[in-house]
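Working notes, beginning with the structure itself.
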Amino acid sequence: GMFIIDSDGKSEDELAALETLKKNNICGIVMSSPHFTSAYATALRSLELPAVLAFSFSKEPDVSCVYINNVEAAFEAMQYLFQTGHEQIGIISGPVGDLTISRERLQGCRLAYMAEQKTFEDGQIVEGDYSIASGYAAAAQMIDQWSERPTAIFCFSDTMALGALQALRERDIDVPKDVSVIGFDGIEFSALTYPTLSTVVQPSFEIGRTCADILLKKISQVKTEPVKLEMPYSLEIRESVGQPQFKSAGRTKGGDDTDKHTEIQRFEMPRQEGG
């Protein structure tokens, strides 16, 4: 059988869930958490059970994990927005308590700005929690409260991008003519939105299956070496991203094909070695 616990992204509930697992006759754990820290690693060790971390990288040497390079993926998404001509970019991040996924994606954004020799401001970031509602609220804040409207919004999840699209639609803001939107994850619904959502696609099914394979091997063998496996991602450009119609400096009408945009040099990201 399979025992599934959904913590709804709450760190305290995740740690409590690990305590609960001690009381159940389970053989192994596949865990997905944006909050994975040394405290989580300690809790897993106390269970003395085979375990694999999905979607996040852990520096803990004895923790097996299957993940994508979030730094590089976010860098590539930002790089594409720059190449398309966007300069005023809003970012809807994960929660402050997300010490792995959101932090890594923010690092990728900062590196993209460094590579373009642009200044990254913390004011460009609005915190979300990966929900549709938080994406809606964040996009609404950017449009209603910012003195300068962004020409593009980068959401750290497709679900937040869905909320952002709705907030823009209700304000009669055309996507991508007025504001471009790009998400992250590649969920099934991202190809069904109007306009279809550009997104960073991570191989969720393959990550899950690989975690299961690693866990079964750990269960069946007395001793196995920790595995740290980086999986490929892809940037899927669809209808929600286009060239900006306004120059960020003064929100004056743009669209002049003679505008020259600096070509962004590919910035090579350090990669973790696969196991």
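Residue names in the structure tokens use chain letters A, B, ... in the order shown, residue numbers from 1 in each chain, and ligand numbers from 1 in the order shown.
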Q: Please report, as a ChimeraX atom specification, each residue of region 63-92 of chain A to which DSSP assigns helix (DSSP H, G or I) when run on this structure's backbone.
A: /A:70-84
Go through region 166-230 of chain A and flag each residue having an atom no more than 12 Å from region 152-155 of chain A; for those, report the closest pair of atoms plus their distance in Å to one decimal, using only C-alpha atoms, ordered by chain and rising number, as a tab-separated table.
residue	atom	partner	partner_atom	distance
A:Ala167	CA	A:Ile153	CA	11.9
A:Leu168	CA	A:Ile153	CA	10.7
A:Ile173	CA	A:Ala152	CA	11.8
A:Asp174	CA	A:Ala152	CA	11.5
A:Val175	CA	A:Ala152	CA	9.3
A:Pro176	CA	A:Ala152	CA	8.4
A:Lys177	CA	A:Ala152	CA	10.1
A:Asp178	CA	A:Ala152	CA	8.4
A:Val179	CA	A:Ala152	CA	5.1
A:Ser180	CA	A:Ala152	CA	4.4
A:Val181	CA	A:Ile153	CA	4.9
A:Ile182	CA	A:Phe154	CA	5.0
A:Gly183	CA	A:Cys155	CA	4.8
A:Phe184	CA	A:Cys155	CA	6.6
A:Asp185	CA	A:Cys155	CA	10.0
A:Gly186	CA	A:Cys155	CA	11.9
A:Leu197	CA	A:Cys155	CA	10.9
A:Ser198	CA	A:Phe154	CA	9.9
A:Thr199	CA	A:Cys155	CA	8.9
A:Val200	CA	A:Cys155	CA	10.1
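Backbone DSSP over region 84-217 of chain A gives strand (DSSP E) for Ile89, Gly90, Ile91, Ile92, Ser93, Ile125, Val126, Glu127, Ala152, Ile153, Phe154, Cys155, Ser180, Val181, Ile182, Gly183, Phe184, Asp185, Ser198, Thr199, Val200 and Val201 of chain A.
Non-sequential neighbours of Thr100 (chain A) (distance at most 9 Å, separation of 5 or more positions within a chain, only C-alpha atoms) are Ser33, Pro34, His35, Phe36, Thr37, Ser56, Phe57, Ser58 and Arg105 of chain A.
With distances restricted to only C-alpha atoms, A:Leu21 is the closest residue to Ala43 (chain A) from A:Leu21, A:Cys211, A:Ile26, A:Ala140.
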Q | Minimum-distance residue to Gln117 (chain A), chosen among A:Glu87, A:Asp98, A:Asn70, A:Ala133 (using only C-alpha atoms) | A | A:Glu87
Q | Neighbour list for Leu44 (chain A) as a ChimeraX atom specification, cut-off 12 Å, only C-alpha atoms, skip fewer than 4 positions in-chain | A | /A:14-22,28-31,36-40,48-53,60,62-64
**Q.** Selected residue, from A:Gln107, A:Thr151, A:Ser157, A:Gln88, that lies nearest to Gly128 (chain A) when counting only C-alpha atoms
**A.** A:Ser157
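Put simply, CA of Thr196 (chain A) is 5.9 Å away from CA of Ser240 (chain A).
Here CA of Ala164 (chain A) stands at a distance of 7.7 Å from CA of Ala137 (chain A).
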**Q.** A:Ser93, A:Thr119, A:Leu215, A:Phe205 ranked by distance to Met160 (chain A), top pick (using only C-alpha atoms)
**A.** A:Ser93
